[in-house]
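To be precise, the following lines are target18.txt, and they hold compact mmCIF, C-alpha atoms.
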# COMPACT_ATOMS: atom_id res chain seq x y z
CA MET A 1464 -94.41 58.73 228.85
CA ARG A 1465 -97.48 59.25 230.97
CA PRO A 1466 -96.76 59.67 234.68
CA GLY A 1467 -99.05 56.70 235.40
CA TYR A 1468 -96.49 54.30 233.93
CA LEU A 1469 -93.83 55.32 236.43
CA THR A 1470 -96.28 55.06 239.33
CA SER A 1471 -97.33 51.60 238.17
CA LEU A 1472 -93.74 50.42 238.02
CA LEU A 1473 -93.01 51.71 241.51
CA LEU A 1474 -96.07 49.84 242.76
CA LEU A 1475 -94.97 46.67 240.97
CA THR A 1476 -91.57 46.91 242.57
CA GLY A 1477 -93.37 47.06 245.87
CA LEU A 1478 -95.52 44.07 244.94
CA ALA A 1479 -92.45 41.91 244.83
CA ALA A 1480 -91.61 42.84 248.39
CA GLY A 1481 -92.26 39.30 249.54
CA SER A 1482 -88.96 38.20 248.03
CA LEU A 1483 -86.71 41.18 248.68
CA HIS A 1484 -82.98 40.96 249.09
CA ALA A 1485 -80.66 43.11 251.18
CA GLN A 1486 -78.70 45.77 249.30
CA VAL A 1487 -75.08 46.83 249.66
CA LEU A 1488 -73.45 50.16 248.89
CA PRO A 1489 -71.12 50.61 245.89
CA GLU A 1490 -67.40 50.05 246.45
CA GLU A 1491 -65.33 52.94 247.85
CA ARG A 1492 -62.87 53.92 245.15
CA ALA A 1493 -60.96 56.71 243.43
CA ASP A 1494 -60.06 56.96 239.73
CA ILE A 1495 -57.74 59.37 237.95
CA LEU A 1496 -58.11 59.27 234.17
CA TYR A 1497 -56.55 60.99 231.15
CA HIS A 1498 -58.50 60.77 227.91
CA SER A 1499 -57.73 61.65 224.32
CA TYR A 1500 -59.93 61.62 221.21
CA ASP A 1501 -58.28 62.36 217.87
CA GLY A 1502 -60.15 62.09 214.59
CA GLY A 1503 -61.84 64.03 211.80
CA GLY A 1504 -59.81 67.18 212.57
CA VAL A 1505 -61.00 67.20 216.19
CA LYS A 1506 -58.70 66.63 219.14
CA ILE A 1507 -60.18 66.44 222.64
CA THR A 1508 -58.10 65.70 225.71
CA GLY A 1509 -58.47 66.15 229.43
CA PRO A 1510 -58.63 64.56 232.85
CA SER A 1511 -61.44 62.92 234.78
CA PHE A 1512 -61.44 62.35 238.53
CA LEU A 1513 -63.92 60.08 240.29
CA ALA A 1514 -64.16 59.59 244.04
CA ARG A 1515 -66.69 57.48 245.94
CA ALA A 1516 -66.80 57.08 249.72
CA ASN A 1517 -69.26 55.76 252.28
CA VAL A 1518 -70.68 57.70 255.19
CA GLY A 1519 -71.67 55.07 257.71
CA ASP A 1520 -73.17 51.90 256.30
CA LYS A 1521 -76.24 53.45 254.66
CA VAL A 1522 -74.89 56.31 252.53
CA SER A 1523 -72.40 56.48 249.66
CA LEU A 1524 -71.28 59.81 248.20
CA SER A 1525 -69.62 60.28 244.82
CA SER A 1526 -68.19 63.08 242.75
CA ASN A 1527 -66.77 63.26 239.24
CA TYR A 1528 -64.88 66.17 237.74
CA TYR A 1529 -64.31 65.96 234.01
CA VAL A 1530 -62.65 68.28 231.48
CA ASP A 1531 -62.72 68.34 227.65
CA SER A 1532 -60.06 70.56 226.05
CA ILE A 1533 -61.26 70.82 222.47
CA SER A 1534 -59.30 71.83 219.39
CA SER A 1535 -61.57 71.63 216.39
CA ALA A 1536 -60.88 71.87 212.68
CA SER A 1537 -63.62 69.43 211.69
CA ILE A 1538 -65.04 69.24 208.17
CA ASP A 1539 -68.04 71.31 209.33
CA VAL A 1540 -65.81 74.00 210.80
CA LEU A 1541 -63.54 74.14 207.74
CA SER A 1542 -66.53 74.28 205.37
CA TYR A 1543 -68.03 77.51 206.67
CA ALA A 1544 -66.19 78.74 209.80
CA SER A 1545 -62.75 78.95 211.43
CA PRO A 1546 -60.93 76.42 213.63
CA TYR A 1547 -61.43 77.04 217.33
CA ASP A 1548 -60.30 75.93 220.77
CA GLU A 1549 -62.56 75.69 223.79
CA GLU A 1550 -62.92 73.93 227.10
CA ARG A 1551 -65.81 72.10 228.72
CA LYS A 1552 -65.89 71.37 232.44
CA GLU A 1553 -68.34 68.97 234.02
CA LEU A 1554 -68.98 68.36 237.70
CA SER A 1555 -71.23 65.59 238.98
CA LEU A 1556 -72.26 65.00 242.56
CA GLY A 1557 -74.22 61.96 243.64
CA ALA A 1558 -75.48 60.10 246.67
CA ASP A 1559 -76.79 56.58 247.19
CA PHE A 1560 -78.89 55.74 250.24
CA ILE A 1561 -79.96 52.36 251.51
CA VAL A 1562 -83.63 52.81 252.38
CA GLY A 1563 -85.13 49.62 253.71
CA GLU A 1564 -84.35 46.99 251.09
CA ALA A 1565 -83.76 49.46 248.25
CA VAL A 1566 -80.99 51.79 247.15
CA VAL A 1567 -82.16 55.30 246.33
CA SER A 1568 -79.81 57.40 244.17
CA ALA A 1569 -79.83 61.12 243.56
CA GLY A 1570 -77.41 63.27 241.63
CA TYR A 1571 -76.74 66.54 239.89
CA THR A 1572 -74.47 67.30 236.92
CA ASN A 1573 -73.39 70.68 235.64
CA SER A 1574 -71.55 71.06 232.33
CA ASP A 1575 -70.09 74.42 231.32
CA GLU A 1576 -68.66 75.71 228.05
CA ASN A 1577 -68.22 79.31 226.97
CA ASP A 1578 -71.39 79.07 224.88
CA PHE A 1579 -73.31 76.13 226.37
CA GLU A 1580 -74.46 75.10 229.82
CA ALA A 1581 -76.20 71.83 230.68
CA ARG A 1582 -77.68 70.99 234.07
CA THR A 1583 -79.18 67.61 234.91
CA ALA A 1584 -80.76 66.32 238.13
CA TYR A 1585 -81.28 62.60 238.60
CA LEU A 1586 -83.35 60.39 240.92
CA GLY A 1587 -83.36 56.60 240.85
CA ILE A 1588 -84.24 53.53 242.84
CA SER A 1589 -82.77 50.04 242.68
CA GLN A 1590 -84.15 46.94 244.30
CA GLU A 1591 -83.18 43.29 244.28
CA ILE A 1592 -85.99 40.76 244.22
CA PHE A 1593 -86.38 36.98 243.90
CA GLY A 1594 -83.63 36.36 246.43
CA GLY A 1595 -81.20 38.59 244.55
CA LEU A 1596 -81.71 36.97 241.14
CA THR A 1597 -83.37 40.08 239.70
CA THR A 1598 -82.44 43.72 240.17
CA VAL A 1599 -84.95 46.33 239.02
CA LYS A 1600 -83.81 49.92 238.49
CA LEU A 1601 -86.00 52.93 237.80
CA GLY A 1602 -84.68 56.38 237.06
CA PHE A 1603 -85.85 59.84 236.13
CA ALA A 1604 -83.70 62.79 235.13
CA LYS A 1605 -84.56 66.34 234.24
CA GLY A 1606 -82.16 68.52 232.32
CA LYS A 1607 -81.97 72.09 231.14
CA ASP A 1608 -79.60 73.41 228.47
CA THR A 1609 -78.78 77.04 227.89
CA VAL A 1610 -77.40 77.63 224.40
CA GLY A 1611 -75.30 80.72 223.71
CA GLN A 1612 -73.24 82.02 220.81
CA VAL A 1613 -69.73 83.46 221.12
CA THR A 1614 -70.33 85.90 218.27
CA ASP A 1615 -73.51 87.27 219.84
CA PRO A 1616 -73.41 87.83 223.62
CA LEU A 1617 -77.14 88.56 223.62
CA PHE A 1618 -78.05 85.20 222.09
CA SER A 1619 -79.51 82.81 224.67
CA GLU A 1620 -81.96 79.95 224.13
CA ASP A 1621 -83.14 77.14 226.41
CA ALA A 1622 -83.99 73.49 225.97
CA ASP A 1623 -85.59 71.17 228.52
CA ARG A 1624 -85.06 67.44 228.69
CA ARG A 1625 -86.75 64.60 230.53
CA ILE A 1626 -85.19 61.14 230.73
CA TYR A 1627 -86.96 57.96 231.89
CA ARG A 1628 -84.94 54.83 232.60
CA LEU A 1629 -85.95 51.28 233.42
CA GLY A 1630 -83.45 48.50 233.87
CA VAL A 1631 -83.73 44.85 234.82
CA SER A 1632 -80.66 42.77 235.60
CA GLN A 1633 -81.41 39.06 235.65
CA VAL A 1634 -79.29 36.15 236.84
CA MET A 1635 -80.24 33.51 234.25
CA THR A 1636 -77.95 30.67 235.35
CA LYS A 1637 -74.96 30.33 237.67
CA ASN A 1638 -72.80 31.39 234.69
CA LEU A 1639 -74.95 33.98 232.89
CA VAL A 1640 -76.30 37.44 233.72
CA VAL A 1641 -78.50 39.42 231.30
CA ASN A 1642 -79.45 43.11 231.54
CA PHE A 1643 -82.44 44.77 229.88
CA ASP A 1644 -82.37 48.57 229.70
CA PHE A 1645 -84.92 51.01 228.36
CA GLU A 1646 -84.43 54.76 228.11
CA GLY A 1647 -86.92 57.30 226.84
CA VAL A 1648 -85.84 60.90 226.29
CA SER A 1649 -87.98 63.89 225.39
CA ASP A 1650 -86.59 67.33 224.50
CA GLU A 1651 -88.35 70.61 224.06
CA GLY A 1652 -86.84 73.97 223.18
CA TYR A 1653 -83.93 75.17 221.08
CA LEU A 1654 -82.34 72.01 219.68
CA ASN A 1655 -80.31 73.64 216.90
CA ASN A 1656 -76.61 74.24 216.91
CA PRO A 1657 -76.48 78.04 216.37
CA TYR A 1658 -73.27 77.75 214.31
CA ARG A 1659 -74.20 74.86 212.06
CA GLN A 1660 -75.18 75.46 208.45
CA VAL A 1661 -76.88 73.50 205.67
CA ARG A 1662 -75.96 73.91 202.03
CA PHE A 1663 -78.27 74.43 199.09
CA LEU A 1664 -77.83 74.61 195.32
CA ASP A 1665 -77.24 78.05 193.88
CA PRO A 1666 -76.16 78.09 190.21
CA MET A 1667 -75.39 81.79 190.54
CA ASP A 1668 -72.66 81.12 193.12
CA ALA A 1669 -69.10 80.34 191.90
CA ARG A 1670 -69.05 77.09 193.94
CA GLY A 1671 -72.53 76.11 192.82
CA TYR A 1672 -73.93 76.16 196.36
CA ARG A 1673 -74.34 78.39 199.40
CA PHE A 1674 -75.03 77.89 203.09
CA GLN A 1675 -77.87 78.90 205.39
CA GLN A 1676 -78.63 78.37 209.09
CA GLU A 1677 -79.95 74.92 210.02
CA VAL A 1678 -83.53 74.73 211.34
CA TYR A 1679 -84.46 71.88 213.67
CA PRO A 1680 -87.82 70.96 215.18
CA ASN A 1681 -88.16 72.21 218.74
CA THR A 1682 -89.26 68.84 220.09
CA ARG A 1683 -87.72 65.38 219.96
CA SER A 1684 -88.70 62.12 221.66
CA SER A 1685 -86.58 59.00 221.50
CA SER A 1686 -86.61 55.47 222.85
CA ALA A 1687 -83.77 53.02 223.17
CA LEU A 1688 -83.91 49.39 224.29
CA ALA A 1689 -80.74 47.44 225.03
CA VAL A 1690 -79.99 43.85 225.98
CA THR A 1691 -76.54 42.92 227.26
CA GLY A 1692 -75.22 39.70 228.70
CA ARG A 1693 -72.06 38.31 230.24
CA TYR A 1694 -71.16 34.60 230.39
CA PHE A 1695 -68.63 32.97 232.71
CA VAL A 1696 -66.28 30.71 230.73
CA ASP A 1697 -63.86 29.84 233.52
CA ILE A 1698 -62.23 31.52 236.51
CA ASN A 1699 -59.99 33.57 234.17
CA SER A 1700 -62.29 34.44 231.29
CA ALA A 1701 -65.74 35.63 230.29
CA VAL A 1702 -67.48 36.53 227.04
CA TYR A 1703 -70.04 39.28 226.67
CA GLY A 1704 -72.26 40.84 224.07
CA GLY A 1705 -75.27 42.98 223.53
CA ALA A 1706 -77.51 44.88 221.16
CA ARG A 1707 -79.56 48.07 221.18
CA VAL A 1708 -82.38 49.38 219.01
CA TYR A 1709 -83.29 53.04 218.82
CA ASP A 1710 -85.80 55.32 217.15
CA ASP A 1711 -86.99 58.89 217.53
CA THR A 1712 -89.54 61.36 216.24
CA TRP A 1713 -86.97 62.90 213.88
CA GLY A 1714 -87.03 59.68 211.87
CA ILE A 1715 -83.66 58.35 213.00
CA ASN A 1716 -83.59 54.57 213.36
CA ALA A 1717 -80.44 52.98 214.69
CA TRP A 1718 -79.10 49.74 216.06
CA ASN A 1719 -75.78 48.58 217.40
CA ALA A 1720 -74.29 45.31 218.54
CA GLN A 1721 -71.10 44.53 220.39
CA ALA A 1722 -69.18 41.48 221.57
CA GLY A 1723 -66.11 41.08 223.71
CA TYR A 1724 -63.83 38.76 225.61
CA THR A 1725 -62.28 39.33 229.03
CA TYR A 1726 -59.22 37.32 230.04
CA ARG A 1727 -57.15 37.32 233.23
CA TRP A 1728 -53.51 36.36 232.77
CA ARG A 1729 -51.08 35.44 235.55
CA ASP A 1730 -53.26 36.96 238.29
CA ARG A 1731 -52.13 40.57 237.81
CA TRP A 1732 -53.11 41.20 234.17
CA LEU A 1733 -56.57 41.59 232.73
CA PHE A 1734 -57.18 41.95 228.98
CA ASP A 1735 -60.45 42.92 227.36
CA LEU A 1736 -60.93 42.90 223.58
CA SER A 1737 -64.21 44.05 222.05
CA PHE A 1738 -65.83 44.93 218.75
CA ARG A 1739 -68.88 47.18 218.18
CA HIS A 1740 -70.94 47.90 215.09
CA TYR A 1741 -73.34 50.87 214.86
CA ASP A 1742 -75.78 51.63 212.03
CA GLN A 1743 -78.23 54.52 211.66
CA SER A 1744 -80.61 56.02 209.14
CA ALA A 1745 -80.92 59.77 208.51
CA ALA A 1746 -83.41 62.15 210.07
CA ASP A 1747 -86.42 63.02 207.90
CA PHE A 1748 -85.20 66.59 207.42
CA TYR A 1749 -81.56 65.75 206.65
CA SER A 1750 -80.01 66.45 203.27
CA ASP A 1751 -76.42 66.92 202.19
CA LEU A 1752 -77.57 69.37 199.52
CA PHE A 1753 -80.99 71.04 199.49
CA PRO A 1754 -82.36 72.02 196.04
CA PHE A 1755 -82.80 75.70 196.95
CA GLN A 1756 -82.80 78.09 199.91
CA ASP A 1757 -85.51 77.42 202.53
CA ALA A 1758 -86.45 74.27 200.64
CA GLN A 1759 -88.48 72.92 203.58
CA ASN A 1760 -89.57 73.94 207.06
CA PHE A 1761 -86.82 71.93 208.83
CA LEU A 1762 -83.28 71.79 207.47
CA GLY A 1763 -80.43 69.67 208.79
CA ARG A 1764 -76.98 68.77 207.45
CA ASP A 1765 -75.31 67.63 210.66
CA LYS A 1766 -73.44 64.42 209.86
CA GLU A 1767 -74.62 62.97 213.20
CA ILE A 1768 -78.18 62.85 211.79
CA SER A 1769 -77.13 61.44 208.39
CA THR A 1770 -77.02 57.79 207.27
CA TYR A 1771 -73.81 56.08 208.37
CA THR A 1772 -72.11 53.23 210.18
CA THR A 1773 -69.32 53.06 212.72
CA GLN A 1774 -67.07 50.17 213.69
CA THR A 1775 -65.11 50.17 216.94
CA VAL A 1776 -62.25 47.89 217.93
CA LYS A 1777 -61.14 48.31 221.54
CA LEU A 1778 -58.44 46.80 223.74
CA ASP A 1779 -58.29 47.36 227.50
CA ILE A 1780 -55.30 46.28 229.57
CA THR A 1781 -55.38 46.31 233.37
CA TYR A 1782 -52.40 45.66 235.64
CA GLU A 1783 -52.88 44.98 239.34
CA LEU A 1784 -50.52 47.43 241.07
CA LEU A 1785 -51.26 46.71 244.69
CA PRO A 1786 -52.50 43.15 245.07
CA ASN A 1787 -51.76 43.25 248.80
CA GLY A 1788 -52.84 46.86 249.37
CA TRP A 1789 -50.79 49.85 250.43
CA GLY A 1790 -51.64 52.28 253.20
CA ILE A 1791 -55.39 52.88 253.17
CA ALA A 1792 -55.71 51.42 249.65
CA GLU A 1793 -56.90 47.81 249.62
CA ARG A 1794 -55.88 47.44 245.97
CA GLY A 1795 -54.96 49.50 242.94
CA THR A 1796 -54.79 49.05 239.17
CA ALA A 1797 -53.16 50.81 236.22
CA ASN A 1798 -55.26 50.73 233.07
CA LEU A 1799 -54.76 51.48 229.39
CA SER A 1800 -57.65 51.57 226.92
CA LEU A 1801 -57.13 51.95 223.17
CA ALA A 1802 -59.97 52.18 220.68
CA ARG A 1803 -60.27 52.95 217.00
CA ILE A 1804 -63.65 54.12 215.72
CA MET A 1805 -64.20 54.07 211.95
CA PHE A 1806 -66.95 56.35 210.60
CA ASP A 1807 -68.36 55.77 207.09
CA TYR A 1808 -71.06 58.14 205.85
CA ASP A 1809 -73.56 57.15 203.15
CA ASP A 1810 -75.04 60.57 202.35
CA PHE A 1811 -72.67 63.16 203.82
CA ARG A 1812 -70.17 64.41 201.24
CA ASP A 1813 -66.64 65.69 201.67
CA ILE A 1814 -67.04 69.09 200.04
CA LEU A 1815 -63.46 70.08 200.91
CA THR A 1816 -62.03 67.68 198.32
CA GLY A 1817 -63.90 69.28 195.42
CA GLY A 1818 -65.77 67.55 192.61
CA ALA A 1819 -69.07 68.22 190.90
CA VAL A 1820 -71.65 69.75 193.24
CA GLY A 1821 -73.64 66.97 194.87
CA ASP A 1822 -71.23 64.35 193.56
CA GLU A 1823 -68.26 64.92 195.88
CA PRO A 1824 -66.69 61.85 197.54
CA LEU A 1825 -68.56 60.48 200.54
CA TYR A 1826 -66.96 61.43 203.84
CA SER A 1827 -65.23 58.98 206.17
CA PHE A 1828 -62.65 59.19 208.92
CA ASP A 1829 -61.05 57.18 211.72
CA ALA A 1830 -60.80 58.34 215.32
CA ASP A 1831 -58.33 57.08 217.93
CA VAL A 1832 -59.53 57.08 221.52
CA LEU A 1833 -56.99 56.61 224.30
CA GLN A 1834 -57.54 56.40 228.03
CA PHE A 1835 -54.98 55.90 230.76
CA TYR A 1836 -56.18 55.70 234.33
CA LEU A 1837 -55.32 54.62 237.83
CA SER A 1838 -57.96 53.08 240.10
CA PHE A 1839 -57.75 52.56 243.85
CA TRP A 1840 -60.17 50.80 246.21
CA PHE A 1841 -60.37 51.61 249.90
CA MET B 761 -92.37 52.55 219.15
CA PHE B 762 -91.64 54.43 222.38
CA THR B 763 -94.97 53.31 223.84
CA VAL B 764 -94.80 49.78 222.44
CA LEU B 765 -91.33 49.13 223.85
CA PHE B 766 -92.31 50.49 227.21
CA ARG B 767 -95.42 48.30 227.36
CA ILE B 768 -93.35 45.22 226.56
CA ILE B 769 -91.00 45.98 229.44
CA LEU B 770 -93.93 46.78 231.72
CA LEU B 771 -95.41 43.38 230.86
CA VAL B 772 -92.13 41.60 231.64
CA VAL B 773 -91.83 43.37 235.00
CA THR B 774 -95.49 42.71 235.79
CA VAL B 775 -95.17 38.99 235.12
CA GLY B 776 -91.94 38.92 237.11
CA ALA B 777 -93.46 40.74 240.06
CA LEU B 778 -96.56 38.52 240.12
CA ALA B 779 -94.37 35.45 239.90
CA GLY B 780 -92.51 36.77 242.92
CA CYS B 781 -95.77 37.11 244.83
CA ALA B 782 -96.62 33.52 243.88
CA GLY B 783 -93.56 32.38 245.81
CA LEU B 784 -91.23 31.54 242.94
CA GLU B 785 -88.03 30.09 244.38
CA PRO B 786 -84.68 31.50 243.20
CA TRP B 787 -83.34 28.92 240.76
CA VAL B 788 -79.71 29.92 241.34
CA LYS B 789 -78.99 29.63 245.05
CA PRO B 790 -76.69 32.14 246.77
CA TYR B 791 -73.98 29.49 247.18
CA GLU B 792 -74.09 28.87 243.41
CA ARG B 793 -73.22 32.45 242.50
CA ALA B 794 -69.45 32.34 243.04
CA ASN B 795 -68.77 32.44 239.28
CA LEU B 796 -70.92 35.56 238.88
CA ALA B 797 -68.91 37.37 241.57
CA THR B 798 -65.53 36.96 239.85
CA GLU B 799 -63.65 39.98 238.48
CA VAL B 800 -64.11 38.93 234.84
CA MET B 801 -67.91 38.90 235.28
CA LYS B 802 -68.32 42.50 236.49
CA PHE B 803 -70.33 44.78 234.18
CA ASP B 804 -69.20 48.01 235.86
CA ARG B 805 -65.53 47.28 236.50
CA ASN B 806 -64.39 50.65 235.11
CA PRO B 807 -67.20 53.22 235.63
CA VAL B 808 -65.15 56.32 234.81
CA SER B 809 -63.84 54.79 231.59
CA ASP B 810 -67.27 53.46 230.54
CA ALA B 811 -68.86 56.86 231.17
CA TYR B 812 -66.22 58.52 228.99
CA LEU B 813 -66.66 56.14 226.07
CA ASN B 814 -70.46 56.42 226.26
CA HIS B 815 -70.04 60.18 226.09
CA VAL B 816 -67.86 59.80 222.97
CA TYR B 817 -70.55 57.69 221.30
CA GLU B 818 -73.45 59.94 222.29
CA ALA B 819 -71.64 63.03 221.02
CA ARG B 820 -71.01 61.49 217.60
CA GLU B 821 -73.97 59.21 217.00
CA GLY B 822 -77.62 60.10 216.48
CA ALA B 823 -78.86 57.45 218.90
CA ARG B 824 -78.89 58.11 222.62
CA GLY B 825 -79.88 56.32 225.77
CA ALA B 826 -79.81 52.85 227.35
CA SER B 827 -76.03 52.97 227.53
CA GLY B 828 -75.46 54.21 231.06
CA SER B 829 -74.17 57.68 230.29
CA SER B 830 -75.35 61.04 231.60
CA GLY B 831 -76.07 64.44 230.08
CA GLY B 832 -73.76 67.27 229.20
CA GLY B 833 -72.37 69.16 226.25
CA CYS B 834 -70.42 67.46 223.52
CA GLY B 835 -67.94 69.67 221.70
CA CYS B 836 -68.92 67.69 218.65
CA ASN B 837 -69.27 70.20 215.83

Represent the supplied structure as structure tokens.
Amino acid sequence: MRPGYLTSLLLLTGLAAGSLHAQVLPEERADILYHSYDGGGVKITGPSFLARANVGDKVSLSSNYYVDSISSASIDVLSYASPYDEERKELSLGADFIVGEAVVSAGYTNSDENDFEARTAYLGISQEIFGGLTTVKLGFAKGKDTVGQVTDPLFSEDADRRIYRLGVSQVMTKNLVVNFDFEGVSDEGYLNNPYRQVRFLDPMDARGYRFQQEVYPNTRSSSALAVTGRYFVDINSAVYGGARVYDDTWGINAWNAQAGYTYRWRDRWLFDLSFRHYDQSAADFYSDLFPFQDAQNFLGRDKEISTYTTQTVKLDITYELLPNGWGIAERGTANLSLARIMFDYDDFRDILTGGAVGDEPLYSFDADVLQFYLSFWF
Amino acid sequence: MFTVLFRIILLVVTVGALAGCAGLEPWVKPYERANLATEVMKFDRNPVSDAYLNHVYEAREGARGASGSSGGGCGCN
């Protein structure tokens, strides 16, 4: 994206100043969450803590501490490495300021693993226009990754990332709100996974194939455009849905769509049932089995850049714990979220089950995602 | 596609902003927005949970962006 685009958008936001609408700060709240992902030989659990509080009536501060405790024996790991355990810790700090009729947001996130560090700084602005019917959001983030390797303490590579976001939230009718979101991301640097391998045919090998290090391009640009909407059915229920299209310079094209239903029951219960479908094509340089070693300049066999679909079914249950408040808490909820994600790959083969080389069964697996969390508002 | 999509959005915002300058009246009055303020109509009711699930998707799907999540590692190998 050329810098001129962002400047133009900021100016356009200013152009609409004749119909500005006063902003309010986000709600003061605290969340304590436990999460668990279990699927494909990978188990990831950990806590997440979110706190948001106001300082005066113009500033809101937030922080989020998040941990992934990873135990991995995925098909990739079992194919050419050994199962491992590791931990990732992420800390985010953010601030929102009311400046005139806009809300300016800034934040910083640091994510640490024993062989990977990611740092991201974020700046955004949000403004309501047309008497509050339209909210325009602009955002820019800059990230830097440092990639290491546990088997080689001297190995260190960097990657830089720039993220551009534009969002428009539009009140369409007194019962319908629609959001439009665009996000462009550009990466430059070391985008490989230093452990990941690709396989190639080798008739001289007993298995009929061998592995070599993957080789990715050192640049990637992507764009994603999403439309989501929520419709008021009655005081106790709403339906929602959305879709997203995506493409990037690696040749991956993807789309997803989701739909859901939210229902309040007997004042204190809230149920949310949703379904999501995701579909993507493979990157140009992806192959499950290359014809020979160094078959092309870029080589990828990561299943996340292959051709596949996922289906997600999710149920969220919320129970109002403190409808009348308690102490400094105005209200509190207990929440349980259960999701099953089903992955079906079209050109990534399960080489652990055997079979003729290049004709092994296609890989698929289901993952169960559980979240339990408590939320309090102050 | 990156440029085309962005130009489409720029056009939408431009038209919207110019319409605002032309004095377009809000067609849903503030007193008609009670339904939109109900609990069942909130997009961001559970921010910590939404951020987690977006992270799960971004770590395991090739597509990224326009889903409200932030950066970080993935533990996805």

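Proximity of B:Ala811, B:Tyr791, B:Tyr817, B:Gly822 to chain A, computed with all atoms listed in the file, is greatest for B:Gly822.
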
Would you mind listing, for every residue of chain A within 7 Å of chain B, the two atoms forming the shortest contact and the distance between them in Å to one decimal, using only C-alpha atoms, sorted by chain and ascending residue number, as JSON lines?
{"residue": "A:Leu1475", "atom": "CA", "partner": "B:Ala777", "partner_atom": "CA", "distance": 6.2}
{"residue": "A:Thr1476", "atom": "CA", "partner": "B:Ala777", "partner_atom": "CA", "distance": 6.9}
{"residue": "A:Leu1478", "atom": "CA", "partner": "B:Ala777", "partner_atom": "CA", "distance": 6.3}
{"residue": "A:Ala1479", "atom": "CA", "partner": "B:Ala777", "partner_atom": "CA", "distance": 5.0}
{"residue": "A:Gly1481", "atom": "CA", "partner": "B:Cys781", "partner_atom": "CA", "distance": 6.3}
{"residue": "A:Ser1482", "atom": "CA", "partner": "B:Gly780", "partner_atom": "CA", "distance": 6.4}
{"residue": "A:Leu1513", "atom": "CA", "partner": "B:Val808", "partner_atom": "CA", "distance": 6.8}
{"residue": "A:Ile1533", "atom": "CA", "partner": "B:Gly835", "partner_atom": "CA", "distance": 6.8}
{"residue": "A:Asp1539", "atom": "CA", "partner": "B:Asn837", "partner_atom": "CA", "distance": 6.7}
{"residue": "A:Ser1574", "atom": "CA", "partner": "B:Gly832", "partner_atom": "CA", "distance": 5.4}
{"residue": "A:Ala1581", "atom": "CA", "partner": "B:Gly832", "partner_atom": "CA", "distance": 5.4}
{"residue": "A:Thr1583", "atom": "CA", "partner": "B:Gly831", "partner_atom": "CA", "distance": 6.6}
{"residue": "A:Phe1593", "atom": "CA", "partner": "B:Pro786", "partner_atom": "CA", "distance": 5.8}
{"residue": "A:Gly1594", "atom": "CA", "partner": "B:Pro786", "partner_atom": "CA", "distance": 5.9}
{"residue": "A:Leu1596", "atom": "CA", "partner": "B:Pro786", "partner_atom": "CA", "distance": 6.6}
{"residue": "A:Thr1636", "atom": "CA", "partner": "B:Val788", "partner_atom": "CA", "distance": 6.3}
{"residue": "A:Lys1637", "atom": "CA", "partner": "B:Arg793", "partner_atom": "CA", "distance": 5.6}
{"residue": "A:Asn1638", "atom": "CA", "partner": "B:Asn795", "partner_atom": "CA", "distance": 6.2}
{"residue": "A:Asp1644", "atom": "CA", "partner": "B:Ala826", "partner_atom": "CA", "distance": 5.5}
{"residue": "A:Phe1645", "atom": "CA", "partner": "B:Ala826", "partner_atom": "CA", "distance": 5.5}
{"residue": "A:Glu1646", "atom": "CA", "partner": "B:Ala826", "partner_atom": "CA", "distance": 5.1}
{"residue": "A:Ser1685", "atom": "CA", "partner": "B:Phe762", "partner_atom": "CA", "distance": 6.9}
{"residue": "A:Ser1686", "atom": "CA", "partner": "B:Phe762", "partner_atom": "CA", "distance": 5.2}
{"residue": "A:Ala1687", "atom": "CA", "partner": "B:Gly825", "partner_atom": "CA", "distance": 5.7}
{"residue": "A:Leu1688", "atom": "CA", "partner": "B:Ala826", "partner_atom": "CA", "distance": 6.2}
{"residue": "A:Ala1689", "atom": "CA", "partner": "B:Ala826", "partner_atom": "CA", "distance": 6.0}
{"residue": "A:Arg1693", "atom": "CA", "partner": "B:Met801", "partner_atom": "CA", "distance": 6.6}
{"residue": "A:Phe1695", "atom": "CA", "partner": "B:Met801", "partner_atom": "CA", "distance": 6.5}
{"residue": "A:Asn1699", "atom": "CA", "partner": "B:Val800", "partner_atom": "CA", "distance": 6.8}
{"residue": "A:Ser1700", "atom": "CA", "partner": "B:Val800", "partner_atom": "CA", "distance": 6.0}
{"residue": "A:Ala1701", "atom": "CA", "partner": "B:Val800", "partner_atom": "CA", "distance": 5.9}
{"residue": "A:Tyr1709", "atom": "CA", "partner": "B:Ala823", "partner_atom": "CA", "distance": 6.3}
{"residue": "A:Ala1717", "atom": "CA", "partner": "B:Ala823", "partner_atom": "CA", "distance": 6.3}
{"residue": "A:Thr1725", "atom": "CA", "partner": "B:Val800", "partner_atom": "CA", "distance": 6.1}
{"residue": "A:Glu1767", "atom": "CA", "partner": "B:Gly822", "partner_atom": "CA", "distance": 5.3}
{"residue": "A:Ile1768", "atom": "CA", "partner": "B:Gly822", "partner_atom": "CA", "distance": 5.5}

Could you check how far atom CA of Val1487 of chain A sits from atom CA of Gly1570 of chain A, in Å to one decimal?
18.4 Å

With distances taken over only C-alpha atoms, which residue among A:Glu1549, A:Asp1779, A:Asp1813, A:Glu1793 lies nearest Ser1737 of chain A?
A:Asp1779

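Comparing the minimum interatomic distances between Gly1503 of chain A and each of A:Asn1787, A:Ser1568, A:Gln1721, A:Ser1535, counting all atoms listed in the file, we find that A:Ser1535 sits nearest.
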
Pick out the residues sitting within 9 Å of segment 1619-1627 of chain A, and hand them over as a PyMOL selection string; count all atoms listed in the file, and ignore anything fewer than 3 positions along from it in its own chain.
(chain A and resi 1464+1469+1578+1583+1585+1601-1612+1615-1616+1645-1654+1681) or (chain B and resi 825)
